[in-house]
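Participant: Data: final_36.txt, compact mmCIF, C-alpha atoms and all ligand atoms.
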# COMPACT_ATOMS: atom_id res chain seq x y z
CA MET A 191 -15.52 -15.45 -6.05
CA ASP A 192 -14.15 -16.75 -9.32
CA THR A 193 -15.96 -19.30 -11.43
CA GLU A 194 -13.64 -22.15 -10.56
CA ASP A 195 -14.51 -21.73 -6.91
CA ASN A 196 -18.18 -21.63 -7.78
CA GLY A 197 -17.90 -24.82 -9.78
CA ARG A 198 -16.19 -26.56 -6.91
CA ARG A 199 -18.79 -25.24 -4.51
CA SER A 200 -21.78 -26.43 -6.48
CA PHE A 201 -20.10 -29.77 -7.15
CA LEU A 202 -19.52 -30.34 -3.45
CA LYS A 203 -23.09 -29.28 -2.73
CA LYS A 204 -24.39 -31.82 -5.22
CA ALA A 205 -22.08 -34.48 -3.85
CA ILE A 206 -23.38 -33.86 -0.34
CA PHE A 207 -27.00 -34.11 -1.45
CA PHE A 208 -26.28 -37.24 -3.46
CA LEU A 209 -24.40 -39.01 -0.67
CA SER A 210 -26.95 -38.01 1.98
CA GLY A 211 -29.70 -39.28 -0.27
CA LEU A 212 -27.87 -42.54 -0.78
CA ILE A 213 -27.26 -43.07 2.94
CA GLY A 214 -30.81 -41.99 3.74
CA ALA A 215 -32.26 -44.46 1.26
CA GLY A 216 -29.93 -47.18 2.53
CA LEU A 217 -31.44 -46.70 5.96
CA ALA A 218 -35.02 -45.99 4.97
CA VAL A 219 -35.44 -49.08 2.80
CA PRO A 220 -34.51 -51.72 5.41
CA SER A 221 -36.36 -49.75 8.10
CA GLY A 222 -39.46 -49.55 5.94
CA ILE A 223 -39.37 -53.25 5.15
CA TYR A 224 -38.87 -54.08 8.83
CA PHE A 225 -41.76 -51.86 9.91
CA LEU A 226 -44.13 -53.00 7.18
CA SER A 227 -43.16 -56.68 7.35
CA PRO A 228 -46.45 -57.76 9.02
CA ILE A 229 -48.10 -57.12 5.64
CA TRP A 230 -46.19 -59.96 4.01
CA LYS A 231 -46.27 -62.31 6.95
CA LYS A 232 -48.07 -65.55 6.30
CA THR A 233 -49.84 -67.28 9.10
CA GLU A 234 -48.69 -70.80 8.75
CA GLU A 235 -50.67 -73.38 10.54
CA ASP A 236 -49.27 -76.84 10.87
CA TRP A 237 -51.26 -79.94 10.26
CA ILE A 238 -52.71 -81.37 13.43
CA GLU A 239 -53.44 -85.02 13.95
CA LEU A 240 -56.98 -85.72 15.07
CA GLY A 241 -56.75 -89.50 15.32
CA PRO A 242 -57.29 -92.74 13.42
CA VAL A 243 -59.80 -92.51 10.62
CA GLY A 244 -61.61 -95.62 11.82
CA GLU A 245 -62.69 -93.97 15.05
CA ILE A 246 -64.83 -91.44 13.28
CA PRO A 247 -68.44 -92.50 12.89
CA LYS A 248 -70.04 -92.38 9.48
CA ARG A 249 -72.87 -90.05 8.56
CA GLU A 250 -72.94 -88.53 12.03
CA PRO A 251 -71.02 -85.34 12.86
CA ILE A 252 -68.67 -85.67 15.79
CA LYS A 253 -66.91 -82.96 17.72
CA VAL A 254 -63.20 -83.66 18.07
CA ASP A 255 -61.07 -81.79 20.59
CA PHE A 256 -57.40 -81.16 19.97
CA VAL A 257 -54.53 -79.17 21.33
CA GLN A 258 -53.23 -76.53 19.02
CA ARG A 259 -49.78 -75.05 19.28
CA LYS A 260 -49.76 -71.58 17.91
CA LYS A 261 -46.73 -69.44 17.27
CA ASP A 262 -47.35 -65.92 18.41
CA GLY A 263 -44.17 -64.05 17.56
CA TRP A 264 -41.54 -65.52 19.87
CA VAL A 265 -44.15 -67.15 22.08
CA THR A 266 -45.73 -70.53 21.47
CA VAL A 267 -49.18 -70.77 22.98
CA GLU A 268 -51.00 -74.01 23.45
CA GLY A 269 -54.69 -73.70 22.99
CA ARG A 270 -57.51 -76.19 23.22
CA SER A 271 -59.65 -76.15 20.19
CA SER A 272 -62.12 -78.39 18.46
CA ALA A 273 -63.66 -79.15 15.11
CA TRP A 274 -66.74 -80.89 13.76
CA VAL A 275 -65.87 -83.85 11.56
CA ILE A 276 -68.28 -85.46 9.13
CA THR A 277 -67.69 -88.35 6.81
CA ALA A 278 -70.03 -90.29 4.63
CA ASP A 279 -67.71 -93.09 3.65
CA GLY A 280 -64.79 -93.01 6.07
CA GLN A 281 -62.49 -91.72 3.35
CA ASN A 282 -63.64 -88.24 2.49
CA PHE A 283 -63.94 -85.89 5.37
CA THR A 284 -65.52 -82.52 5.87
CA VAL A 285 -64.24 -80.53 8.82
CA PHE A 286 -66.08 -77.49 10.11
CA ASP A 287 -64.76 -74.61 12.14
CA PRO A 288 -66.68 -74.98 15.44
CA HIS A 289 -67.74 -71.35 15.42
CA CYS A 290 -70.96 -70.04 13.95
CA THR A 291 -70.37 -67.80 10.95
CA HIS A 292 -72.69 -65.20 12.40
CA LEU A 293 -70.88 -63.91 15.48
CA GLY A 294 -68.73 -66.83 16.43
CA CYS A 295 -70.76 -68.74 19.00
CA PRO A 296 -70.06 -72.46 19.32
CA TYR A 297 -72.87 -74.51 17.85
CA ARG A 298 -74.00 -78.07 18.51
CA TRP A 299 -75.37 -80.97 16.55
CA ASP A 300 -79.00 -81.85 17.06
CA ALA A 301 -79.20 -85.54 16.23
CA SER A 302 -82.97 -85.67 16.01
CA LYS A 303 -83.35 -82.67 13.70
CA LYS A 304 -80.16 -83.55 11.83
CA GLN A 305 -79.06 -79.92 11.99
CA PHE A 306 -76.33 -77.83 13.57
CA LEU A 307 -78.01 -75.38 15.90
CA CYS A 308 -76.50 -72.17 17.16
CA PRO A 309 -78.07 -71.10 20.46
CA CYS A 310 -77.03 -67.45 20.24
CA HIS A 311 -79.45 -66.25 17.58
CA ASN A 312 -81.23 -69.45 16.66
CA ALA A 313 -79.37 -70.31 13.51
CA ALA A 314 -79.57 -73.69 11.87
CA PHE A 315 -77.12 -75.27 9.43
CA GLY A 316 -77.54 -78.44 7.42
CA ILE A 317 -75.13 -81.35 7.62
CA ASP A 318 -73.39 -79.87 4.56
CA GLY A 319 -72.88 -76.60 6.43
CA GLU A 320 -75.39 -74.56 4.44
CA VAL A 321 -77.49 -72.01 6.30
CA LEU A 322 -81.04 -73.24 6.86
CA ALA A 323 -82.32 -70.56 9.18
CA GLY A 324 -81.21 -67.52 11.13
CA PRO A 325 -78.84 -64.61 10.59
CA PRO A 326 -75.49 -66.23 9.55
CA PRO A 327 -74.20 -64.63 6.34
CA ARG A 328 -72.59 -67.77 4.93
CA ALA A 329 -72.29 -71.50 5.32
CA LEU A 330 -70.06 -72.97 8.04
CA ASP A 331 -66.32 -72.38 7.55
CA ARG A 332 -64.23 -75.40 6.80
CA PHE A 333 -60.77 -76.54 7.83
CA ALA A 334 -58.52 -78.23 5.31
CA SER A 335 -58.16 -81.92 6.01
CA LYS A 336 -56.28 -84.91 4.67
CA VAL A 337 -55.71 -88.53 5.52
CA VAL A 338 -52.15 -89.70 5.96
CA GLY A 339 -51.36 -93.25 7.01
CA GLY A 340 -54.86 -93.91 8.28
CA LYS A 341 -54.85 -90.79 10.43
CA LEU A 342 -56.97 -87.73 9.90
CA LEU A 343 -55.05 -84.47 9.81
CA ILE A 344 -56.55 -81.01 9.76
CA ARG A 345 -55.24 -77.51 9.39
CA PRO A 346 -57.35 -75.30 11.64
CA LEU A 347 -57.36 -72.21 9.50
CA SER A 348 -60.79 -71.19 8.37
CA GLU A 349 -61.28 -71.36 4.65
CA LYS A 350 -64.13 -69.07 3.92
CA LYS A 351 -66.60 -70.57 1.53
CA GLU A 352 -67.67 -67.87 -0.82
CA GLY A 353 -71.28 -67.28 -1.67
CA MET B 147 -41.15 -26.34 -4.69
CA LYS B 148 -40.03 -22.74 -4.58
CA LYS B 149 -43.60 -21.71 -3.84
CA ILE B 150 -43.77 -24.01 -0.85
CA VAL B 151 -40.45 -22.70 0.47
CA ASP B 152 -41.69 -19.14 -0.03
CA TRP B 153 -44.94 -19.87 1.79
CA PHE B 154 -43.08 -21.01 4.86
CA ASP B 155 -40.42 -18.33 4.53
CA GLU B 156 -43.02 -15.55 4.53
CA ARG B 157 -44.49 -16.82 7.75
CA ILE B 158 -41.65 -18.20 9.81
CA GLN B 159 -38.52 -17.00 7.96
CA THR B 160 -37.22 -20.46 7.18
CA ARG B 161 -34.40 -19.06 5.04
CA GLU B 162 -33.03 -17.28 8.06
CA ILE B 163 -33.13 -20.54 10.01
CA LYS B 164 -31.36 -22.34 7.18
CA GLU B 165 -28.73 -19.63 7.00
CA THR B 166 -27.97 -19.70 10.71
CA LEU B 167 -27.86 -23.49 10.76
CA PHE B 168 -26.02 -24.32 7.58
CA ASP B 169 -24.34 -21.19 6.21
CA ARG B 170 -22.25 -20.57 9.26
CA LYS B 171 -18.85 -18.98 9.09
CA ILE B 172 -16.17 -21.59 9.53
CA PRO B 173 -12.69 -20.56 10.68
CA LYS B 174 -9.67 -21.20 8.45
CA GLY B 175 -7.85 -24.47 8.83
CA VAL B 176 -10.85 -26.54 9.77
CA GLY B 177 -10.51 -30.10 8.51
CA TRP B 178 -12.00 -33.56 8.64
CA ILE B 179 -11.59 -34.07 12.38
CA TYR B 180 -14.08 -31.26 12.87
CA ALA B 181 -16.71 -33.59 11.41
CA LEU B 182 -16.62 -35.90 14.44
CA GLY B 183 -19.41 -33.95 16.11
CA SER B 184 -21.66 -34.22 13.06
CA ALA B 185 -20.74 -37.89 12.82
CA SER B 186 -21.93 -38.33 16.43
CA LEU B 187 -25.19 -36.63 15.55
CA PHE B 188 -25.65 -38.94 12.58
CA LEU B 189 -25.01 -41.98 14.76
CA LEU B 190 -27.50 -40.65 17.31
CA ILE B 191 -30.20 -40.51 14.64
CA LEU B 192 -29.24 -43.98 13.41
CA GLN B 193 -29.45 -45.40 16.93
CA ALA B 194 -32.79 -43.70 17.55
CA VAL B 195 -34.37 -45.04 14.37
CA THR B 196 -33.04 -48.59 14.68
CA GLY B 197 -33.74 -48.58 18.42
CA ILE B 198 -37.37 -47.64 17.93
CA LEU B 199 -37.75 -50.42 15.38
CA LEU B 200 -36.14 -52.97 17.69
CA ALA B 201 -38.33 -51.91 20.61
CA MET B 202 -41.37 -52.85 18.54
CA SER B 203 -40.49 -56.53 18.73
CA TYR B 204 -38.60 -56.76 21.99
CA SER B 205 -39.89 -58.12 25.25
CA ALA B 206 -38.08 -57.06 28.40
CA ALA B 207 -38.87 -60.18 30.41
CA PRO B 208 -36.34 -62.89 31.31
CA ASP B 209 -38.60 -65.55 29.78
CA HIS B 210 -38.93 -63.76 26.49
CA ALA B 211 -36.05 -61.32 26.01
CA TYR B 212 -33.66 -63.78 24.40
CA ALA B 213 -36.36 -65.37 22.25
CA SER B 214 -37.67 -62.02 21.10
CA VAL B 215 -34.21 -60.89 20.04
CA GLN B 216 -33.82 -64.21 18.25
CA TYR B 217 -37.16 -63.57 16.61
CA ILE B 218 -35.99 -60.17 15.39
CA THR B 219 -32.82 -61.54 13.82
CA GLU B 220 -34.30 -64.71 12.35
CA GLN B 221 -37.94 -64.04 11.55
CA ILE B 222 -38.44 -60.37 10.75
CA PRO B 223 -37.36 -59.32 7.26
CA MET B 224 -34.35 -56.99 7.60
CA GLY B 225 -34.34 -57.73 11.33
CA ALA B 226 -30.74 -58.88 11.28
CA ILE B 227 -29.70 -55.69 9.49
CA ILE B 228 -31.60 -53.40 11.85
CA ARG B 229 -30.20 -55.16 14.89
CA GLY B 230 -26.72 -55.22 13.39
CA LEU B 231 -26.86 -51.50 12.70
CA HIS B 232 -27.96 -50.81 16.27
CA LYS B 233 -25.27 -53.04 17.73
CA TRP B 234 -22.40 -51.70 15.64
CA GLY B 235 -23.79 -48.18 15.80
CA ALA B 236 -23.55 -48.41 19.58
CA SER B 237 -19.83 -49.21 19.47
CA PHE B 238 -19.20 -46.53 16.89
CA MET B 239 -21.14 -44.03 18.98
CA VAL B 240 -18.86 -44.55 21.97
CA ILE B 241 -15.74 -44.36 19.79
CA VAL B 242 -16.79 -41.33 17.75
CA VAL B 243 -18.08 -39.34 20.71
CA THR B 244 -14.84 -40.09 22.58
CA LEU B 245 -12.72 -39.03 19.60
CA HIS B 246 -14.79 -35.84 19.36
CA MET B 247 -14.07 -35.15 23.00
CA ILE B 248 -10.35 -35.83 22.56
CA ARG B 249 -10.22 -33.47 19.59
CA VAL B 250 -11.92 -30.69 21.53
CA TYR B 251 -9.59 -31.27 24.45
CA PHE B 252 -6.35 -31.23 22.51
CA MET B 253 -7.35 -28.21 20.45
CA GLY B 254 -8.29 -26.31 23.54
CA ALA B 255 -11.72 -25.70 22.10
CA TYR B 256 -13.28 -26.12 25.55
CA LYS B 257 -11.83 -22.83 26.76
CA PHE B 258 -13.60 -19.49 27.17
CA PRO B 259 -16.26 -18.83 25.95
CA ARG B 260 -17.21 -22.46 25.31
CA GLU B 261 -16.98 -23.97 28.79
CA LEU B 262 -20.72 -24.64 28.89
CA THR B 263 -20.59 -26.58 25.64
CA TRP B 264 -17.76 -28.66 27.10
CA VAL B 265 -19.63 -29.43 30.30
CA LEU B 266 -22.72 -30.45 28.37
CA GLY B 267 -20.49 -32.56 26.14
CA VAL B 268 -19.04 -34.42 29.09
CA LEU B 269 -22.55 -35.13 30.34
CA ILE B 270 -23.50 -36.39 26.88
CA TRP B 271 -20.49 -38.68 26.93
CA LEU B 272 -21.66 -40.13 30.25
CA VAL B 273 -25.15 -40.67 28.86
CA VAL B 274 -23.68 -42.48 25.85
CA ILE B 275 -21.73 -44.78 28.17
CA GLY B 276 -24.98 -45.33 30.08
CA PHE B 277 -26.66 -46.34 26.85
CA GLY B 278 -23.92 -48.84 26.17
CA PHE B 279 -24.05 -50.30 29.66
CA THR B 280 -27.84 -50.69 29.82
CA GLY B 281 -28.18 -51.83 26.21
CA TYR B 282 -25.63 -54.60 26.68
CA LEU B 283 -27.93 -56.46 29.07
CA LEU B 284 -31.07 -56.34 26.93
CA PRO B 285 -30.40 -59.35 24.64
CA TRP B 286 -30.31 -61.34 27.89
CA ASP B 287 -27.50 -63.60 26.72
CA GLN B 288 -24.62 -64.91 28.81
CA LYS B 289 -22.32 -62.08 27.79
CA GLY B 290 -24.78 -59.35 28.69
CA TYR B 291 -25.78 -61.02 31.92
CA TRP B 292 -22.26 -61.45 33.25
CA ALA B 293 -21.07 -58.07 32.03
CA THR B 294 -23.91 -56.48 33.97
CA MET B 295 -23.00 -58.61 36.98
CA VAL B 296 -19.46 -57.26 36.76
CA GLY B 297 -20.78 -53.71 36.35
CA ALA B 298 -23.03 -54.01 39.37
CA ASN B 299 -20.19 -55.48 41.42
CA LEU B 300 -17.91 -52.66 40.34
CA ALA B 301 -20.48 -50.16 41.57
CA GLY B 302 -20.58 -52.15 44.79
CA GLN B 303 -16.89 -51.42 45.38
CA ALA B 304 -17.48 -47.69 45.75
CA PRO B 305 -16.78 -46.50 49.29
CA PHE B 306 -19.81 -45.95 51.57
CA ILE B 307 -22.48 -45.83 48.86
CA GLY B 308 -21.29 -48.97 47.06
CA GLU B 309 -23.87 -51.40 48.33
CA ALA B 310 -26.72 -48.97 47.84
CA ALA B 311 -25.52 -48.16 44.34
CA SER B 312 -25.38 -51.76 43.22
CA LYS B 313 -28.82 -52.41 44.73
CA VAL B 314 -30.28 -49.46 42.87
CA LEU B 315 -28.68 -50.68 39.65
CA ARG B 316 -30.01 -54.19 40.05
CA GLY B 317 -33.36 -53.15 41.46
CA GLY B 318 -32.76 -55.54 44.34
CA GLU B 319 -30.35 -58.11 45.68
CA ALA B 320 -30.14 -60.31 42.63
CA LEU B 321 -29.80 -59.66 38.95
CA GLY B 322 -33.08 -60.73 37.40
CA ALA B 323 -36.42 -59.72 35.98
CA ILE B 324 -36.46 -56.39 37.81
CA THR B 325 -32.97 -55.55 36.59
CA LEU B 326 -34.03 -56.20 33.03
CA THR B 327 -37.13 -53.98 33.10
CA ARG B 328 -35.13 -51.34 34.93
CA PHE B 329 -32.36 -51.33 32.36
CA TYR B 330 -34.90 -51.34 29.56
CA ALA B 331 -36.78 -48.35 30.98
CA ILE B 332 -33.51 -46.49 31.49
CA HIS B 333 -32.33 -47.40 27.99
CA VAL B 334 -35.47 -46.36 26.13
CA LEU B 335 -36.97 -43.64 28.35
CA VAL B 336 -34.57 -42.01 30.80
CA LEU B 337 -31.45 -41.84 28.65
CA PRO B 338 -33.11 -40.78 25.38
CA ALA B 339 -34.91 -37.95 27.17
CA SER B 340 -31.68 -36.81 28.80
CA LEU B 341 -29.69 -37.15 25.60
CA LEU B 342 -32.21 -35.17 23.59
CA THR B 343 -32.16 -32.32 26.10
CA LEU B 344 -28.38 -32.26 26.43
CA VAL B 345 -27.70 -32.52 22.70
CA GLY B 346 -30.28 -29.82 22.01
CA LEU B 347 -28.52 -27.41 24.35
CA HIS B 348 -25.08 -28.48 23.13
CA LEU B 349 -26.02 -27.82 19.50
CA PHE B 350 -27.70 -24.56 20.34
CA LEU B 351 -24.45 -23.34 21.86
CA VAL B 352 -22.41 -24.60 18.91
CA VAL B 353 -24.60 -22.70 16.45
CA ARG B 354 -24.81 -19.64 18.65
CA GLN B 355 -21.08 -19.33 19.31
CA GLY B 356 -19.69 -20.81 16.15
CA ILE B 357 -16.87 -23.30 16.25
CA SER B 358 -13.48 -22.37 17.54
CA ALA B 359 -10.52 -21.77 15.27
CA PRO B 360 -7.73 -24.33 15.35
CA PRO B 361 -4.95 -23.21 17.70
CA GLU B 362 -2.00 -21.44 16.08
CA ARG B 363 1.63 -21.92 16.82
CA ASP B 364 3.26 -18.94 18.39
CA LYS B 365 5.70 -18.00 15.65
CA GLY B 366 9.07 -16.74 16.67
CA GLU B 367 8.86 -17.84 20.27
CA ARG B 368 9.98 -21.33 19.39
CA SER B 369 13.63 -21.97 19.65
S1 LIG C 1 -73.69 -66.33 16.62
FE1 LIG C 1 -74.68 -68.08 15.84
S2 LIG C 1 -76.54 -67.26 15.24
FE2 LIG C 1 -75.56 -65.49 16.01
Before we go any further, please render this structure as structure tokens.
Ligand code: FES

Facilitator:
Amino acid sequence: MDTEDNGRRSFLKKAIFFLSGLIGAGLAVPSGIYFLSPIWKKTEEDWIELGPVGEIPKREPIKVDFVQRKKDGWVTVEGRSSAWVITADGQNFTVFDPHCTHLGCPYRWDASKKQFLCPCHNAAFGIDGEVLAGPPPRALDRFASKVVGGKLLIRPLSEKKEG
Amino acid sequence: MKKIVDWFDERIQTREIKETLFDRKIPKGVGWIYALGSASLFLLILQAVTGILLAMSYSAAPDHAYASVQYITEQIPMGAIIRGLHKWGASFMVIVVTLHMIRVYFMGAYKFPRELTWVLGVLIWLVVIGFGFTGYLLPWDQKGYWATMVGANLAGQAPFIGEAASKVLRGGEALGAITLTRFYAIHVLVLPASLLTLVGLHLFLVVRQGISAPPERDKGERS
């Protein structure tokens, strides 16, 4: 085999490797992004209207039920959910996730003790959500809330309060 | 790198495998049209990869099939590309495999001693058509639905077994939820298993026997 033939041979070999690599990468990159896309997916929760601000009593937590539409892939599921709403002045609202931060039991408001009590493992939270007694690792989780046009809106995505 | 290759070579003679697979003797006069078989193999891999990815976000239920396909194209990053590749790859697959078959036919490459390769090839061609037919229904759009209706009715025209055949295809009297799951199962389980087996045997024979030389003109006998 003369050198010219060898040169041609090794060039073609390189060309094959190069082109296969190119095509392979062209396929692997989109496939990888597609497969790994859940990593970058943001759970977007829409604001949900709870009702007129005036209907919420002051200085007394109230449990508000609402219907939540959740997008689950190509399916939209409607779920009933609720939240505890507290306001001191009728303008600034604190909204708590209705699940105990320990293991997720629903808790209730004890009007005489002025505490949230969780029946599962006897936890108690203050009106500000701080842990007063029991095993929960952190204060009650909050939902974002805002007032638009005299209506209270919440976004039922737990915002973990650090510390 | 060389060390790793050597490690495997010492144990399972990988160089020998590479030589038999890739350093085969190729007859004189072989040109581009001899690449149609390799092109089919490439398309097969493309369809398998994109198909697996699509199956991850597809729901074979009448209520959800269309929406899940929509979800793939509109919501998943690169979803439109993956689906597009699978869709176009499917058409190309049918075309390329058919061209491959035509080439083998007109060059007489199916003759002794390669009859078995030819028979397997014909079966592969049928499986590919099956893929196309079952896959067409899965997006559950109007086109797929009515094309499948036509297909099932065509099967119904066959003498004697027609009615039974169309019932088996549809999974019942009407084209509906059962048809969809049936087609899906055939598309992602039955056909891939068959294709893998057939292509494995087909390629084994190709490597074992080598490819046939292009036919030569009989010189002198032409007037
Ligand atoms: S779940 Fe509430 S205290 Fe354990």

Participant: Have a look at A:Gln258, A:Thr291, A:Ser210, A:Gln305 and name the one nearest to ligand LIG 1 (chain C); count only C-alpha atoms and all ligand atoms.

Facilitator: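 Result for the nearest residue to ligand LIG 1 (chain C): A:Thr291.
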
Participant: For the interface of chain A with chain B (cut-off 8 Å, counting only C-alpha atoms), please tabulate each contacting residue of chain A alongside its nearest pair of atoms and their separation in Å to one decimal, rows sorted by chain and increasing number, as a Markdown table.

Facilitator:
| residue | atom | partner | partner_atom | distance |
| --- | --- | --- | --- | --- |
| A:Pro220 | CA | B:Met224 | CA | 5.7 |
| A:Ser221 | CA | B:Ile228 | CA | 7.1 |
| A:Ile223 | CA | B:Met224 | CA | 6.7 |
| A:Tyr224 | CA | B:Met224 | CA | 5.5 |
| A:Phe225 | CA | B:Leu199 | CA | 6.9 |
| A:Ser227 | CA | B:Pro223 | CA | 6.4 |
| A:Gly263 | CA | B:Tyr217 | CA | 7.1 |
| A:Trp264 | CA | B:Ser214 | CA | 5.4 |
| A:Val265 | CA | B:His210 | CA | 7.6 |

Participant: Please write out the residues within 7 Å of ligand LIG 1 (chain C) as a ChimeraX atom specification, counting all atoms listed in the file.

Facilitator: /A:290-295,297,308-313,324-326

Participant: Contacts of stretch 168-174 of chain B at 9 Å or less, counting only C-alpha atoms, minus same-chain residues fewer than 3 places along, as a list of chain:residue names?

Facilitator: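 My reading of the contact set: B:Ile163, B:Lys164, B:Glu165, B:Gly177, B:Val353, B:Gly356, B:Ile357, B:Ser358, B:Ala359, B:Pro360.
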
Participant: Can you measure atom CA of B:Ile275 to atom CA of B:Ala310 for me? One decimal in Å is fine.

Facilitator: 20.7 Å

Participant: With distances taken over all atoms listed in the file, which residue among B:Gly197, B:Gly281, B:Gly318, B:Gly235 lies nearest B:Tyr330?

Facilitator: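 Checking each candidate against B:Tyr330, we get B:Gly281 as the closest.
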
Participant: Might you pull out every residue within 9 Å of A:Phe283, with only C-alpha atoms counted and same-chain residues fewer than 2 positions away left off, and present them as a list in words?

Facilitator: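 After dropping sequence-adjacent residues, the list is Val275, Ile276, Thr277, Ala278, Asp279, Gly280, Gln281, Val285, Ser335, Lys336, Val337 and Leu342 of chain A.
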
Participant: Since we have the selection now, will you write its residues out, keeping C-alpha atoms, as a tab-separated table (two decimals), in the coordinates of the input?

Facilitator:
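selection31.tsv, written as the output of this step:
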chain	number	residue	atom	x	y	z
A	275	VAL	CA	-65.87	-83.85	11.56
A	276	ILE	CA	-68.28	-85.46	9.13
A	277	THR	CA	-67.69	-88.35	6.81
A	278	ALA	CA	-70.03	-90.29	4.63
A	279	ASP	CA	-67.71	-93.09	3.65
A	280	GLY	CA	-64.79	-93.01	6.07
A	281	GLN	CA	-62.49	-91.72	3.35
A	285	VAL	CA	-64.24	-80.53	8.82
A	335	SER	CA	-58.16	-81.92	6.01
A	336	LYS	CA	-56.28	-84.91	4.67
A	337	VAL	CA	-55.71	-88.53	5.52
A	342	LEU	CA	-56.97	-87.73	9.90

Participant: How far is it from atom CA of B:Tyr291 to atom CA of B:Gly276, in Å with one decimal?

Facilitator: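 Result for atom CA of B:Tyr291 versus atom CA of B:Gly276: 15.8 Å, one decimal.
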
Participant: With a distance cut-off of 12 Å and all atoms listed in the file, select the neighbouring residues of A:Ala273, excluding the residue or stretch itself and same-chain residues fewer than 2 positions from it, and output the selection as an MDAnalysis selection string.

Facilitator: chainID A and resid 238:240 251:258 270:271 275:276 283:290 296:299 330:335 343:348

Participant: Closest to A:Arg249 among A:Lys304, A:Phe208, A:Gly319, A:Val267, using only C-alpha atoms?

Facilitator: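 Once distances to A:Arg249 are computed over only C-alpha atoms, the minimum belongs to A:Lys304.
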
Participant: Any idea what the distance is between atom CA of B:Thr280 and atom CA of B:Thr327?

Facilitator: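 About the pair atom CA of B:Thr280 and atom CA of B:Thr327: they are 10.4 Å apart.
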
Participant: Just the residues within 12 Å of B:Ser340, please, counting all atoms listed in the file, with nothing from its chain fewer than 3 positions along; format it as a list in words.

Facilitator: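 Listing them by chain and then by number gives Leu266, Leu269, Ile270, Trp271, Leu272, Val273, Val274, Gly276, Phe277, Ile332, His333, Val334, Leu335, Val336, Leu337, Thr343, Leu344, Val345, Gly346 and Leu347 of chain B.
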